[in-house]
Amino acid sequence: MKFFIDTANLEEIKSAAQMGVLDGVTTNPSLAAKETTPYRELLGEICKVVSGPVSAEVLATDHDGMVREAEELAKIADNIVIKIPTILEGLKAIKTLTARRIATNATLVFSPTQAILVAKAGATYVSPFIGRLDDISTSGMDLVDQIVTIYHNYIFETQVLVASVRHPMHVVEAALIGADVVTMPYKVIGQLIKHPLTDIGLEKFISDFKKAQRG
Ligand code: E4P
């Protein structure tokens, strides 16, 4: 299973990269808007830190505009993946970009039908937004399960990238289902290592050893 970080914050990306478990990055316009560095410049910096896939999102909503933006973004670095919204024009753009060998990430996916279409169009990644489904009392993880099963049934090569992750159990459930990638906020990566029994056990080992040395 691959771990991506879902942020446009360079410090968070550098810190996650130092943990040694970071395989890639996903950004989106809302995340980019939180940063002061212009988006293109920021993407260039991110690609210097991370050699794995770095998703950069287009803002256009028509086929020609999306393809134009995608081609510009793809020039930033070889590891840029173009995030395309899962709408009809986006589907056409995925098809065009796939034919031009530009990697794509179909974003804002909320149904199995959308996932089937983007796989047929040749998307490199499909991003089901599970937290946003959970937010409206619908199981995001059921959608991941359906997509993984469908892709397995038809041997689609599109990788399932679980997005809109809110907490560690999302990561565990995605791993049990067999999703290819999970992208998560910096905070969630930090939460994955935490266990109170580890902290209590470590404290005891150290204090027992110190006591024995004193005696
Ligand atoms: C993924 O590519 C998106 O950037 C992200 O996961 C959206 O998450 P949110 O629903 O927490 O905004």
# chains A, B, ... in the order shown; residues from 1 in each chain; ligands from 1
>>> select_by_dssp(residues="region 22-212 of chain A", states="strand (DSSP E or B)", output="PyMOL selection string")
chain A and resi 24-26+54-57+80-85+104-109+125-129+159-163+181-184
>>> closest_atom_pairs(of="chain A", to="ligand 1", cutoff="10 Å", atoms="only C-alpha atoms and all ligand atoms", output="CSV")
residue,atom,partner,partner_atom_place_in_ligand_line,distance
A:Phe4,CA,ligand 1,2 (O),9.3
A:Ile5,CA,ligand 1,6 (O),8.9
A:Asp6,CA,ligand 1,4 (O),5.6
A:Thr7,CA,ligand 1,4 (O),7.2
A:Ala8,CA,ligand 1,4 (O),9.3
A:Val25,CA,ligand 1,2 (O),8.6
A:Thr26,CA,ligand 1,2 (O),5.1
A:Thr27,CA,ligand 1,4 (O),5.2
A:Asn28,CA,ligand 1,4 (O),4.9
A:Pro29,CA,ligand 1,4 (O),8.3
A:Ser30,CA,ligand 1,12 (O),7.7
A:Leu31,CA,ligand 1,4 (O),7.2
A:Ala32,CA,ligand 1,4 (O),9.9
A:Ser55,CA,ligand 1,2 (O),7.6
A:Ala56,CA,ligand 1,2 (O),9.2
A:Glu57,CA,ligand 1,2 (O),9.0
A:Lys83,CA,ligand 1,2 (O),8.0
A:Asn105,CA,ligand 1,2 (O),8.3
A:Ala106,CA,ligand 1,2 (O),9.0
A:Thr107,CA,ligand 1,2 (O),6.4
A:Leu108,CA,ligand 1,3 (C),7.8
A:Val109,CA,ligand 1,1 (C),9.9
A:Val126,CA,ligand 1,2 (O),9.4
A:Ser127,CA,ligand 1,2 (O),6.4
A:Pro128,CA,ligand 1,1 (C),8.3
A:Phe129,CA,ligand 1,10 (O),6.2
A:Ile130,CA,ligand 1,10 (O),7.6
A:Gly131,CA,ligand 1,10 (O),5.7
A:Arg132,CA,ligand 1,10 (O),5.3
A:Leu133,CA,ligand 1,10 (O),8.8
A:Asp134,CA,ligand 1,10 (O),10.0
A:Asp135,CA,ligand 1,10 (O),9.2
A:Leu161,CA,ligand 1,2 (O),8.1
A:Val162,CA,ligand 1,6 (O),7.6
A:Ala163,CA,ligand 1,6 (O),3.9
A:Ser164,CA,ligand 1,6 (O),3.3
A:Val165,CA,ligand 1,6 (O),6.0
A:Arg166,CA,ligand 1,11 (O),6.7
A:Val182,CA,ligand 1,6 (O),9.0
A:Thr183,CA,ligand 1,6 (O),6.3
A:Met184,CA,ligand 1,6 (O),6.6
A:Pro185,CA,ligand 1,6 (O),7.8
>>> closest_residue(among="A:Ile200, A:Ile116, A:Ala121, A:Met66", to="Leu91 (chain A)", atoms="only C-alpha atoms")
A:Ala121
>>> atom_distance(atom1="CA of Pro53 (chain A)", atom2="CA of Asp180 (chain A)")
13.3 Å
>>> select_by_dssp(residues="region 63-162 of chain A", states="helix (DSSP H, G or I)", output="PyMOL selection string")
chain A and resi 63-74+88-99+112-121+130-135+140-154
>>> residues_around(residues="Met1 (chain A)", least_positions_apart="5", cutoff="10 Å", atoms="only C-alpha atoms", output="list in words")
Asp23, Leu161, Val171, Ala174, Ala175, Gly178, Ala179, Asp180, Val181 and Val182 of chain A
>>> write_last_selection(atoms="N, CA and C atoms", output="short mmCIF file (atom, residue, chain, number, x, y, z; two decimals), in the first residue's frame")
data_model
loop_
_atom_site.label_atom_id
_atom_site.label_comp_id
_atom_site.auth_asym_id
_atom_site.auth_seq_id
_atom_site.Cartn_x
_atom_site.Cartn_y
_atom_site.Cartn_z
N ASP A 23 5.21 8.11 -0.23
CA ASP A 23 5.33 7.69 -1.63
C ASP A 23 4.89 8.75 -2.63
N LEU A 161 -7.08 5.32 -5.19
CA LEU A 161 -6.39 6.26 -4.29
C LEU A 161 -7.45 6.80 -3.31
N VAL A 171 -7.50 4.53 7.22
CA VAL A 171 -6.30 3.93 6.61
C VAL A 171 -6.35 2.40 6.77
N ALA A 174 -9.07 0.90 4.53
CA ALA A 174 -8.65 0.93 3.12
C ALA A 174 -7.62 -0.17 2.85
N ALA A 175 -6.73 -0.40 3.83
CA ALA A 175 -5.71 -1.45 3.67
C ALA A 175 -6.36 -2.83 3.66
N GLY A 178 -7.82 -3.47 0.38
CA GLY A 178 -6.79 -3.67 -0.65
C GLY A 178 -6.66 -2.49 -1.60
N ALA A 179 -7.01 -1.28 -1.11
CA ALA A 179 -6.81 -0.08 -1.96
C ALA A 179 -5.33 0.10 -2.25
N ASP A 180 -5.02 0.67 -3.40
CA ASP A 180 -3.61 0.81 -3.79
C ASP A 180 -2.89 1.91 -3.01
N VAL A 181 -3.61 3.04 -2.79
CA VAL A 181 -2.99 4.22 -2.19
C VAL A 181 -3.97 4.86 -1.20
N VAL A 182 -3.42 5.42 -0.13
CA VAL A 182 -4.23 6.29 0.74
C VAL A 182 -3.53 7.63 0.81
#
>>> closest_residue(among="A:Val148, A:Ile189, A:Gly201, A:Ile136", to="Ser15 (chain A)", atoms="only C-alpha atoms")
A:Ile189
>>> atom_distance(atom1="CA of Asp62 (chain A)", atom2="CA of Gly24 (chain A)")
27.2 Å
>>> residues_around(residues="Thr98 (chain A)", least_positions_apart="2", cutoff="12 Å", atoms="only C-alpha atoms", output="list in words")
Val67, Ala70, Glu71, Val81, Ile82, Ile84, Gly90, Leu91, Lys92, Ala93, Ile94, Lys95, Thr96, Arg100, Arg101, Ile102, Ala103, Thr104, Asn105, Ala106, Val118, Ala119, Lys120, Ala121, Gly122, Ala123, Thr124, Tyr125 and Thr158 of chain A
>>> residues_around(residues="Gly44 (chain A)", least_positions_apart="2", cutoff="10 Å", atoms="only C-alpha atoms", output="ChimeraX atom specification")
/A:39-42,46-49,54,73,75-77,80
>>> write_last_selection(atoms="N, CA, C and O atoms", output="mmCIF file, in the first residue's frame")
data_model
loop_
_atom_site.group_PDB
_atom_site.id
_atom_site.type_symbol
_atom_site.label_atom_id
_atom_site.label_comp_id
_atom_site.auth_asym_id
_atom_site.auth_seq_id
_atom_site.Cartn_x
_atom_site.Cartn_y
_atom_site.Cartn_z
ATOM 1 N N TYR A 39 1.046 28.600 -6.910
ATOM 2 C CA TYR A 39 0.838 27.149 -7.072
ATOM 3 C C TYR A 39 1.923 26.466 -7.909
ATOM 4 O O TYR A 39 2.507 25.476 -7.480
ATOM 5 N N ARG A 40 2.215 27.028 -9.087
ATOM 6 C CA ARG A 40 3.200 26.387 -9.976
ATOM 7 C C ARG A 40 4.581 26.303 -9.317
ATOM 8 O O ARG A 40 5.260 25.280 -9.376
ATOM 9 N N GLU A 41 4.954 27.422 -8.689
ATOM 10 C CA GLU A 41 6.256 27.485 -8.005
ATOM 11 C C GLU A 41 6.306 26.454 -6.874
ATOM 12 O O GLU A 41 7.287 25.728 -6.692
ATOM 13 N N LEU A 42 5.203 26.389 -6.130
ATOM 14 C CA LEU A 42 5.099 25.456 -5.017
ATOM 15 C C LEU A 42 5.224 24.001 -5.507
ATOM 16 O O LEU A 42 5.942 23.185 -4.923
ATOM 17 N N ILE A 46 7.816 21.136 -4.374
ATOM 18 C CA ILE A 46 7.365 19.826 -3.859
ATOM 19 C C ILE A 46 8.042 18.693 -4.643
ATOM 20 O O ILE A 46 8.506 17.711 -4.059
ATOM 21 N N CYS A 47 8.124 18.873 -5.961
ATOM 22 C CA CYS A 47 8.718 17.815 -6.797
ATOM 23 C C CYS A 47 10.225 17.666 -6.564
ATOM 24 O O CYS A 47 10.803 16.626 -6.896
ATOM 25 N N LYS A 48 10.856 18.679 -5.971
ATOM 26 C CA LYS A 48 12.281 18.531 -5.623
ATOM 27 C C LYS A 48 12.436 17.674 -4.373
ATOM 28 O O LYS A 48 13.454 17.035 -4.150
ATOM 29 N N VAL A 49 11.384 17.668 -3.519
ATOM 30 C CA VAL A 49 11.443 16.923 -2.252
ATOM 31 C C VAL A 49 10.963 15.476 -2.440
ATOM 32 O O VAL A 49 11.494 14.550 -1.831
ATOM 33 N N VAL A 54 3.085 13.449 -7.762
ATOM 34 C CA VAL A 54 2.597 14.678 -7.111
ATOM 35 C C VAL A 54 1.387 15.169 -7.917
ATOM 36 O O VAL A 54 1.520 15.580 -9.070
ATOM 37 N N LEU A 73 1.066 22.190 -16.583
ATOM 38 C CA LEU A 73 1.451 21.637 -15.271
ATOM 39 C C LEU A 73 2.431 20.476 -15.435
ATOM 40 O O LEU A 73 3.382 20.333 -14.662
ATOM 41 N N LYS A 75 4.699 20.109 -17.446
ATOM 42 C CA LYS A 75 6.071 20.565 -17.767
ATOM 43 C C LYS A 75 6.886 20.822 -16.496
ATOM 44 O O LYS A 75 8.107 20.921 -16.551
ATOM 45 N N ILE A 76 6.197 20.970 -15.357
ATOM 46 C CA ILE A 76 6.905 21.324 -14.107
ATOM 47 C C ILE A 76 7.902 20.232 -13.728
ATOM 48 O O ILE A 76 9.037 20.511 -13.364
ATOM 49 N N ALA A 77 7.476 18.978 -13.810
ATOM 50 C CA ALA A 77 8.366 17.850 -13.464
ATOM 51 C C ALA A 77 7.775 16.557 -14.021
ATOM 52 O O ALA A 77 6.564 16.481 -14.284
ATOM 53 N N ILE A 80 4.689 14.857 -12.057
ATOM 54 C CA ILE A 80 3.385 15.527 -11.891
ATOM 55 C C ILE A 80 2.269 14.630 -12.461
ATOM 56 O O ILE A 80 2.403 14.082 -13.559
#
>>> closest_residue(among="A:Gln191, A:Gln213, A:Asn9, A:Ser111", to="Thr37 (chain A)", atoms="only C-alpha atoms")
A:Asn9
>>> atom_distance(atom1="CA of Pro38 (chain A)", atom2="CA of Leu22 (chain A)")
23.5 Å
>>> closest_residue(among="A:Leu10, A:Met141, A:Met19, A:Ile177", to="Glu35 (chain A)", atoms="only C-alpha atoms")
A:Leu10
>>> residues_around(residues="Ile147 (chain A)", least_positions_apart="2", cutoff="8 Å", atoms="only C-alpha atoms", output="list of chain:residue names")
A:Pro112, A:Ala115, A:Ile116, A:Leu143, A:Val144, A:Asp145, A:Thr149, A:Ile150, A:Tyr151, A:Val160
>>> decode(residues="region 26-47 of chain A", atoms="N, CA and C atoms", output="compact mmCIF listing (two decimals), in the first residue's frame")
# COMPACT_ATOMS: atom_id res chain seq x y z
N THR A 26 -0.69 14.62 -2.78
CA THR A 26 -1.87 15.13 -3.51
C THR A 26 -2.10 16.57 -3.04
N THR A 27 -2.37 17.45 -4.01
CA THR A 27 -2.74 18.83 -3.67
C THR A 27 -4.09 19.10 -4.33
N ASN A 28 -4.72 20.16 -3.93
CA ASN A 28 -5.94 20.61 -4.61
C ASN A 28 -6.01 22.12 -4.47
N PRO A 29 -6.91 22.80 -5.19
CA PRO A 29 -6.95 24.27 -5.13
C PRO A 29 -7.19 24.82 -3.72
N SER A 30 -7.99 24.14 -2.92
CA SER A 30 -8.24 24.62 -1.55
C SER A 30 -6.97 24.53 -0.71
N LEU A 31 -6.23 23.45 -0.87
CA LEU A 31 -4.97 23.29 -0.11
C LEU A 31 -3.94 24.32 -0.59
N ALA A 32 -3.88 24.54 -1.90
CA ALA A 32 -2.93 25.51 -2.46
C ALA A 32 -3.26 26.92 -1.97
N ALA A 33 -4.55 27.21 -1.81
CA ALA A 33 -5.00 28.55 -1.38
C ALA A 33 -4.53 28.88 0.04
N LYS A 34 -4.19 27.85 0.82
CA LYS A 34 -3.72 28.10 2.20
C LYS A 34 -2.26 28.56 2.23
N GLU A 35 -1.55 28.37 1.10
CA GLU A 35 -0.11 28.68 1.05
C GLU A 35 0.12 30.05 0.40
N THR A 36 1.27 30.67 0.71
CA THR A 36 1.55 31.99 0.15
C THR A 36 2.29 31.89 -1.20
N THR A 37 3.05 30.79 -1.39
CA THR A 37 3.81 30.62 -2.64
C THR A 37 2.83 30.32 -3.79
N PRO A 38 3.04 30.94 -4.97
CA PRO A 38 2.17 30.63 -6.12
C PRO A 38 2.20 29.12 -6.45
N TYR A 39 1.05 28.60 -6.91
CA TYR A 39 0.84 27.15 -7.07
C TYR A 39 1.92 26.47 -7.91
N ARG A 40 2.22 27.03 -9.09
CA ARG A 40 3.20 26.39 -9.98
C ARG A 40 4.58 26.30 -9.32
N GLU A 41 4.95 27.42 -8.69
CA GLU A 41 6.26 27.48 -8.00
C GLU A 41 6.31 26.45 -6.87
N LEU A 42 5.20 26.39 -6.13
CA LEU A 42 5.10 25.46 -5.02
C LEU A 42 5.22 24.00 -5.51
N LEU A 43 4.55 23.70 -6.62
CA LEU A 43 4.61 22.34 -7.17
C LEU A 43 6.05 21.97 -7.55
N GLY A 44 6.77 22.95 -8.10
CA GLY A 44 8.17 22.73 -8.45
C GLY A 44 8.99 22.39 -7.21
N GLU A 45 8.74 23.12 -6.12
CA GLU A 45 9.46 22.86 -4.86
C GLU A 45 9.10 21.47 -4.32
N ILE A 46 7.82 21.14 -4.37
CA ILE A 46 7.36 19.83 -3.86
C ILE A 46 8.04 18.69 -4.64
N CYS A 47 8.12 18.87 -5.96
CA CYS A 47 8.72 17.81 -6.80
C CYS A 47 10.23 17.67 -6.56
